[in-house]
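Coordinates from target26.cif are shown below (mmCIF, C-alpha atoms).
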```
data_data
loop_
_atom_site.label_atom_id
_atom_site.label_comp_id
_atom_site.auth_asym_id
_atom_site.auth_seq_id
_atom_site.Cartn_x
_atom_site.Cartn_y
_atom_site.Cartn_z
CA MET A 6 80.46 99.18 61.67
CA ILE A 7 82.86 96.82 63.50
CA GLN A 8 84.49 99.76 65.25
CA ASN A 9 81.11 100.96 66.56
CA LYS A 10 80.27 97.47 67.81
CA VAL A 11 83.60 97.20 69.60
CA LYS A 12 83.08 100.64 71.14
CA THR A 13 79.58 99.67 72.28
CA PHE A 14 80.91 96.42 73.76
CA PHE A 15 83.53 98.22 75.83
CA GLN A 16 80.96 100.80 76.90
CA TYR A 17 78.78 98.00 78.20
CA ILE A 18 81.78 96.55 80.05
CA SER A 19 82.48 99.93 81.63
CA TYR A 20 78.86 100.83 82.44
CA SER A 21 78.29 97.44 84.07
CA SER A 22 81.56 97.81 86.06
CA LEU A 23 82.89 94.48 84.80
CA ASN A 24 86.28 96.09 84.14
CA VAL A 25 86.39 97.12 87.81
CA VAL A 26 85.51 93.57 88.83
CA ALA A 27 88.36 92.23 86.69
CA ALA A 28 90.80 94.75 88.21
CA THR A 29 89.56 93.77 91.67
CA ILE A 30 90.37 90.14 90.96
CA VAL A 31 93.88 91.08 89.79
CA CYS A 32 94.56 93.04 92.98
CA PHE A 33 93.08 90.25 95.11
CA VAL A 34 95.47 87.72 93.57
CA ALA A 35 98.35 90.17 94.09
CA PHE A 36 97.63 90.27 97.84
CA TYR A 37 96.98 86.53 98.00
CA LYS A 38 100.47 85.83 96.61
CA LEU A 39 102.14 87.73 99.48
CA PRO A 40 104.74 87.61 100.82
CA ASN A 41 106.84 85.49 98.45
CA ASN A 42 104.79 85.22 95.25
CA GLN A 43 103.22 81.97 96.37
CA PRO A 44 101.05 80.05 93.85
CA PHE A 45 97.40 81.05 93.69
CA ASN A 46 94.79 78.29 93.95
CA ASP A 47 91.84 79.73 95.87
CA PHE A 48 89.40 80.09 92.99
CA LEU A 49 86.36 79.85 95.28
CA SER A 50 87.35 83.03 97.12
CA LEU A 51 88.21 84.68 93.82
CA ALA A 52 84.77 83.89 92.37
CA GLN A 53 83.06 84.96 95.59
CA LEU A 54 84.91 88.28 95.68
CA GLY A 55 84.25 89.01 92.00
CA LEU A 56 80.54 88.24 92.23
CA THR A 57 80.14 90.17 95.49
CA CYS A 58 81.98 93.19 94.07
CA TRP A 59 79.77 93.18 90.97
CA ALA A 60 76.61 92.79 93.05
CA ILE A 61 77.56 95.78 95.23
CA TYR A 62 78.23 97.99 92.22
CA ILE A 63 74.93 97.01 90.59
CA LEU A 64 73.01 97.53 93.84
CA ASP A 65 74.68 100.89 94.42
CA ARG A 66 73.68 102.20 90.97
CA LEU A 67 70.13 100.86 91.25
CA ARG A 68 69.78 102.49 94.66
CA ASP A 69 71.06 105.79 93.26
CA ASN A 70 68.38 105.69 90.57
CA ILE A 71 65.69 105.04 93.17
CA SER A 72 66.83 107.75 95.56
CA THR A 73 67.14 110.51 92.93
CA SER A 74 64.50 111.95 90.61
CA GLU A 75 66.85 112.27 87.62
CA ILE A 76 69.46 110.10 85.95
CA ILE A 77 72.89 111.27 87.12
CA THR A 78 75.38 109.75 84.66
CA ASP A 79 75.52 107.53 81.57
CA ARG A 80 76.37 104.64 83.90
CA HIS A 81 73.19 105.26 85.89
CA LYS A 82 71.20 105.51 82.66
CA PHE A 83 72.56 102.13 81.61
CA HIS A 84 71.40 100.62 84.91
CA PHE A 85 68.00 102.29 84.52
CA ASP A 86 67.51 101.04 80.96
CA HIS A 87 68.63 97.49 81.80
CA GLN A 88 67.40 97.30 85.37
CA PHE A 89 65.40 94.10 84.86
CA ILE A 90 68.30 91.97 83.61
CA LEU A 91 70.66 93.63 86.10
CA GLN A 92 68.31 92.74 88.96
CA ILE A 93 68.33 89.12 87.79
CA LEU A 94 72.14 89.16 87.62
CA LEU A 95 72.26 90.77 91.08
CA ILE A 96 70.08 88.04 92.59
CA SER A 97 72.06 85.33 90.77
CA SER A 98 75.37 86.75 92.01
CA VAL A 99 74.14 86.84 95.61
CA ALA A 100 72.77 83.29 95.35
CA ILE A 101 76.02 81.88 93.93
CA THR A 102 78.04 83.75 96.55
CA ALA A 103 75.86 82.28 99.31
CA ILE A 104 76.40 78.76 97.93
CA ILE A 105 80.17 79.30 97.79
CA ALA A 106 80.09 80.45 101.42
CA LEU A 107 79.02 76.92 102.43
CA PHE A 108 82.44 75.66 101.33
CA GLN A 109 84.50 78.46 102.87
CA PRO A 110 86.33 78.49 106.24
CA PHE A 111 84.26 79.66 109.21
CA ILE A 112 86.55 82.62 109.95
CA LEU A 113 86.18 83.88 106.37
CA ASN A 114 82.38 83.68 106.59
CA VAL A 115 82.44 85.67 109.83
CA TYR A 116 84.61 88.30 108.15
CA GLY A 117 82.25 88.32 105.17
CA ILE A 118 79.21 88.88 107.38
CA ILE A 119 80.93 91.85 109.03
CA LEU A 120 81.70 93.33 105.61
CA LEU A 121 78.11 92.77 104.48
CA VAL A 122 76.83 94.71 107.50
CA VAL A 123 79.14 97.60 106.60
CA VAL A 124 78.04 97.40 102.94
CA GLY A 125 74.38 97.41 103.96
CA PHE A 126 74.98 100.48 106.13
CA TYR A 127 76.72 102.16 103.21
CA VAL A 128 74.11 101.30 100.55
CA TYR A 129 70.98 102.05 102.58
CA PHE A 130 72.13 104.92 104.79
CA ILE A 131 75.34 106.64 103.64
CA SER A 132 74.78 106.52 99.87
CA PRO A 133 71.25 108.04 99.75
CA LYS A 134 71.60 110.48 102.67
CA TYR A 135 75.27 111.50 102.54
CA PRO A 136 76.44 110.92 98.96
CA PHE A 137 79.58 113.00 99.49
CA LEU A 138 80.83 110.33 101.94
CA LYS A 139 80.79 107.62 99.26
CA GLU A 140 84.37 108.40 98.31
CA LEU A 141 85.42 107.62 101.89
CA PHE A 142 83.30 104.54 102.61
CA MET A 143 83.89 102.71 99.33
CA PRO A 144 87.72 102.69 99.67
CA ILE A 145 87.37 101.22 103.16
CA ILE A 146 85.02 98.49 101.95
CA TYR A 147 87.00 97.83 98.78
CA THR A 148 90.37 97.56 100.53
CA SER A 149 88.89 95.42 103.30
CA ALA A 150 87.63 92.96 100.71
CA VAL A 151 90.60 92.90 98.32
CA GLY A 152 93.34 92.84 100.95
CA GLY A 153 91.36 91.67 103.95
CA VAL A 154 90.25 88.29 102.59
CA PRO A 155 93.82 87.09 101.83
CA PHE A 156 94.92 88.41 105.23
CA VAL A 157 92.16 86.47 107.01
CA LEU A 158 93.13 83.29 105.18
CA ASN A 159 96.84 83.77 105.91
CA SER A 160 98.26 82.24 109.09
CA SER A 161 100.65 85.16 109.59
CA ILE A 162 100.88 88.63 108.08
CA SER A 163 104.25 90.32 107.60
CA PHE A 164 104.82 93.98 108.37
CA SER A 165 105.56 94.63 104.69
CA SER A 166 102.14 93.23 103.78
CA TRP A 167 100.49 95.74 106.12
CA ILE A 168 102.45 98.57 104.48
CA LEU A 169 101.31 97.36 101.05
CA ALA A 170 97.71 97.32 102.29
CA LEU A 171 98.13 100.94 103.41
CA MET A 172 99.55 101.87 100.02
CA PHE A 173 96.68 100.12 98.26
CA PHE A 174 94.14 101.93 100.44
CA GLY A 175 95.74 105.18 99.36
CA ILE A 176 95.41 104.14 95.72
CA VAL A 177 91.70 103.41 96.14
CA ILE A 178 91.27 106.80 97.85
CA GLN A 179 92.97 108.41 94.86
CA ASN A 180 90.73 106.46 92.51
CA ALA A 181 87.56 107.63 94.24
CA PHE A 182 88.71 111.25 94.61
CA SER A 183 89.84 111.35 90.97
CA PHE A 184 86.41 110.28 89.75
CA SER A 185 84.85 112.84 92.07
CA TYR A 186 87.14 115.52 90.65
CA PHE A 187 86.28 114.74 87.02
CA GLU A 188 82.57 114.42 87.79
CA SER A 189 82.62 117.86 89.44
CA GLU A 190 84.16 119.28 86.27
CA GLU A 191 81.41 117.70 84.20
CA ASP A 192 78.60 118.75 86.55
CA GLN A 193 79.10 121.49 89.12
CA ASN A 194 75.97 120.31 90.97
CA SER A 195 77.17 116.74 91.48
CA GLU A 196 76.95 115.51 95.08
CA ASN A 197 80.43 114.22 95.89
CA ILE A 198 83.45 114.83 98.07
CA CYS A 199 85.02 117.20 95.54
CA ARG A 200 82.06 119.57 95.74
CA LYS A 201 82.25 119.37 99.54
CA ILE A 202 85.96 120.15 99.96
CA GLY A 203 86.67 121.85 96.63
CA GLN A 204 88.74 120.90 93.60
CA LYS A 205 91.94 122.32 95.02
CA ASN A 206 91.75 120.25 98.20
CA THR A 207 90.74 117.18 96.19
CA ARG A 208 93.90 117.49 94.12
CA ARG A 209 95.89 117.96 97.31
CA VAL A 210 94.58 114.71 98.78
CA ILE A 211 95.48 112.85 95.58
CA ASN A 212 98.98 114.34 95.55
CA TYR A 213 99.51 113.76 99.29
CA VAL A 214 98.72 110.07 98.81
CA THR A 215 101.24 109.93 95.97
CA SER A 216 103.88 111.55 98.18
CA LEU A 217 103.12 109.10 100.99
CA ASN A 218 103.36 106.07 98.70
CA ILE A 219 106.64 107.30 97.22
CA PHE A 220 108.02 107.74 100.75
CA LEU A 221 106.85 104.26 101.82
CA VAL A 222 108.32 102.54 98.77
CA ILE A 223 111.69 104.27 99.22
CA PHE A 224 111.86 103.82 102.99
CA PHE A 225 110.62 100.22 103.22
CA PHE A 226 111.05 98.62 99.80
CA GLY A 227 113.98 100.31 98.09
CA ASN A 228 116.71 97.79 98.89
CA GLN A 229 115.68 94.50 97.23
CA LEU A 230 113.79 93.04 94.28
CA LEU A 231 111.51 90.61 96.09
CA TYR A 232 107.84 90.20 95.20
CA THR A 233 106.71 92.57 97.98
CA ASN A 234 109.17 95.21 96.82
CA LEU A 235 108.15 94.97 93.18
CA LEU A 236 104.46 95.19 94.12
CA ALA A 237 105.20 98.27 96.23
CA PHE A 238 106.92 99.93 93.25
CA ILE A 239 103.86 99.15 91.11
CA PHE A 240 101.55 100.67 93.74
CA ALA A 241 103.72 103.80 93.81
CA ALA A 242 103.62 103.95 90.00
CA ILE A 243 99.81 103.72 90.05
CA SER A 244 99.70 106.65 92.50
CA ILE A 245 102.02 108.74 90.36
CA LEU A 246 100.11 108.04 87.16
CA THR A 247 96.79 108.84 88.85
CA SER A 248 98.15 112.20 89.99
CA LEU A 249 99.38 112.92 86.47
CA VAL A 250 95.97 112.12 84.96
CA VAL A 251 94.26 114.53 87.37
CA ALA A 252 96.94 117.19 86.83
CA ASN A 253 96.22 116.98 83.08
CA SER A 254 92.47 116.63 83.44
CA SER A 255 91.71 118.57 80.26
CA LYS A 256 93.46 115.89 78.18
CA PHE A 257 91.77 112.92 79.83
CA ARG A 258 88.25 114.25 80.41
CA ASN A 259 86.68 111.88 77.89
CA ASN A 260 88.38 108.65 78.94
CA TYR A 261 89.57 109.14 82.52
CA ARG A 262 87.52 106.22 83.89
CA TRP A 263 89.11 103.70 81.57
CA ILE A 264 92.60 105.02 82.26
CA ILE A 265 92.37 105.22 86.05
CA ASP A 266 90.59 101.87 86.42
CA SER A 267 93.04 100.23 84.02
CA LEU A 268 95.93 101.21 86.29
CA LEU A 269 94.70 98.59 88.76
CA PHE A 270 95.71 95.90 86.25
CA LEU A 271 99.41 96.83 86.59
CA PRO A 272 100.09 94.20 89.32
CA LEU A 273 99.83 91.66 86.48
CA ILE A 274 103.41 92.67 85.69
CA VAL A 275 104.78 90.77 88.72
CA PHE A 276 102.59 87.67 88.48
#
```

Can you turn what I pasted into structure tokens?
Amino acid sequence: MIQNKVKTFFQYISYSSLNVVAATIVCFVAFYKLPNNQPFNDFLSLAQLGLTCWAIYILDRLRDNISTSEIITDRHKFHFDHQFILQILLISSVAITAIIALFQPFILNVYGIILLVVVGFYVYFISPKYPFLKELFMPIIYTSAVGGVPFVLNSSISFSSWILALMFFGIVIQNAFSFSYFESEEDQNSENICRKIGQKNTRRVINYVTSLNIFLVIFFFGNQLLYTNLLAFIFAAISILTSLVVANSSKFRNNYRWIIDSLLFLPLIVF
């Protein structure tokens, strides 16, 4: 009985994307602490990012259910069955985020408005009309929010920080392509990038990103044990582990989402 309740609880966490929101916050703090593991104290931006991220995921799933005649995945079914409460949470998240914006620096609000325009274009144009482009647009939006906000707030950005942002973008690409790969195995008719370019090319992209991140960590971060270097090694490890999960897809078909999303919590090691 208890085991079933725990399983249901974690399913709700996964279906509602709260685990992704938590991982997003971890990665946001990791970038905020650049370049020298500085103390984190910007809890307003953290709350704003977490709420915005959750609102986008909820809106994206609700839009998918509206634009298609059938329920695509268990996650979409969850959003369909609980759409009323999720709509209330969506509105509440947007309202709280708007209130927080009143206390944020002007430059950050300008950056946020630009991101919102891109998100609106993605949700209302790309997602319903070109679903196979979701795996390209979401990494751009996600990386721009997670790494971009700390960069905007920082007075100067080191070259190593830019390299880490590139590595993180590659990780998010891998994340999106991995989900696309597993979803194509579950449903050959799924509309995603894997169906468009094929499973073989999808695996190649994932492995190419791993190779690139390994090269970057060796070439730029292999000589010291500073915070930036340790974070780079963690990013490379995430890439490698993601490639291994996809390479052994038959073993991880039932729990790949939890595993791949959980890898984004690894930066906690260097906090």

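Here CA of Pro136 (chain A) and CA of Ile63 (chain A) stand 16.3 Å from one another.
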
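The set of residues that the PyMOL selection byres ((chain A and resi 263) around 10) takes from this file is Phe15, Gln16, Ser19, Asn24, Val25, Phe257, Asn259, Asn260, Tyr261, Arg262, Ile264, Ile265, Asp266, Ser267 and Leu268 of chain A.
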
>> Once the PyMOL selection byres ((chain A and resi 224-234) around 8) has been evaluated on this model, what residues remain selected, and can you format them as a VMD selection string?
In response: chain A and resid 39 to 42 165 to 166 169 220 to 223 235 to 238 275

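In this model, the gap between CA of Lys82 (chain A) and CA of Ala28 (chain A) comes to 23.0 Å.
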
> So, counting all atoms listed in the file, which residue among A:Val34, A:Asp47, A:Glu190, A:Leu107 is closest to Arg258 (chain A)?
Replying inline: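 So, comparing all the options, the nearest one is A:Glu190.
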
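The residue that comes closest to Leu217 (chain A), out of A:Ser185, A:Gln179, A:Asn159, A:Ser195 and on the basis of only C-alpha atoms, is A:Gln179.
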
> So what does the PyMOL selection byres ((chain A and resi 98) around 9) actually pick up in this one, as a PyMOL selection string?
Replying inline: chain A and resi 53+56-57+59-60+93-97+99-103

> What separation in Å, quoted to one decimal, exists between CA of Gln92 (chain A) and CA of Ile112 (chain A)?
Replying inline: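 Rounded to one decimal, the two atoms are 29.6 Å apart.
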
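Residue nearest Thr148 (chain A) within the list A:Ile105, A:Cys32, A:Val122, A:Ala27: A:Cys32 [criterion: smallest interatomic distance, only C-alpha atoms].
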
>> Here is a test: counting only C-alpha atoms, which residue of A:Val124, A:Val151, A:Ile18, A:Ile104 is nearest to Phe33 (chain A)?
In response: A:Val151

>> For a quick check of understanding, using all atoms listed in the file, which of A:Ser248, A:Ile211, A:Gly203, A:Asp65 has the smallest distance to Ser132 (chain A)?
In response: A:Asp65
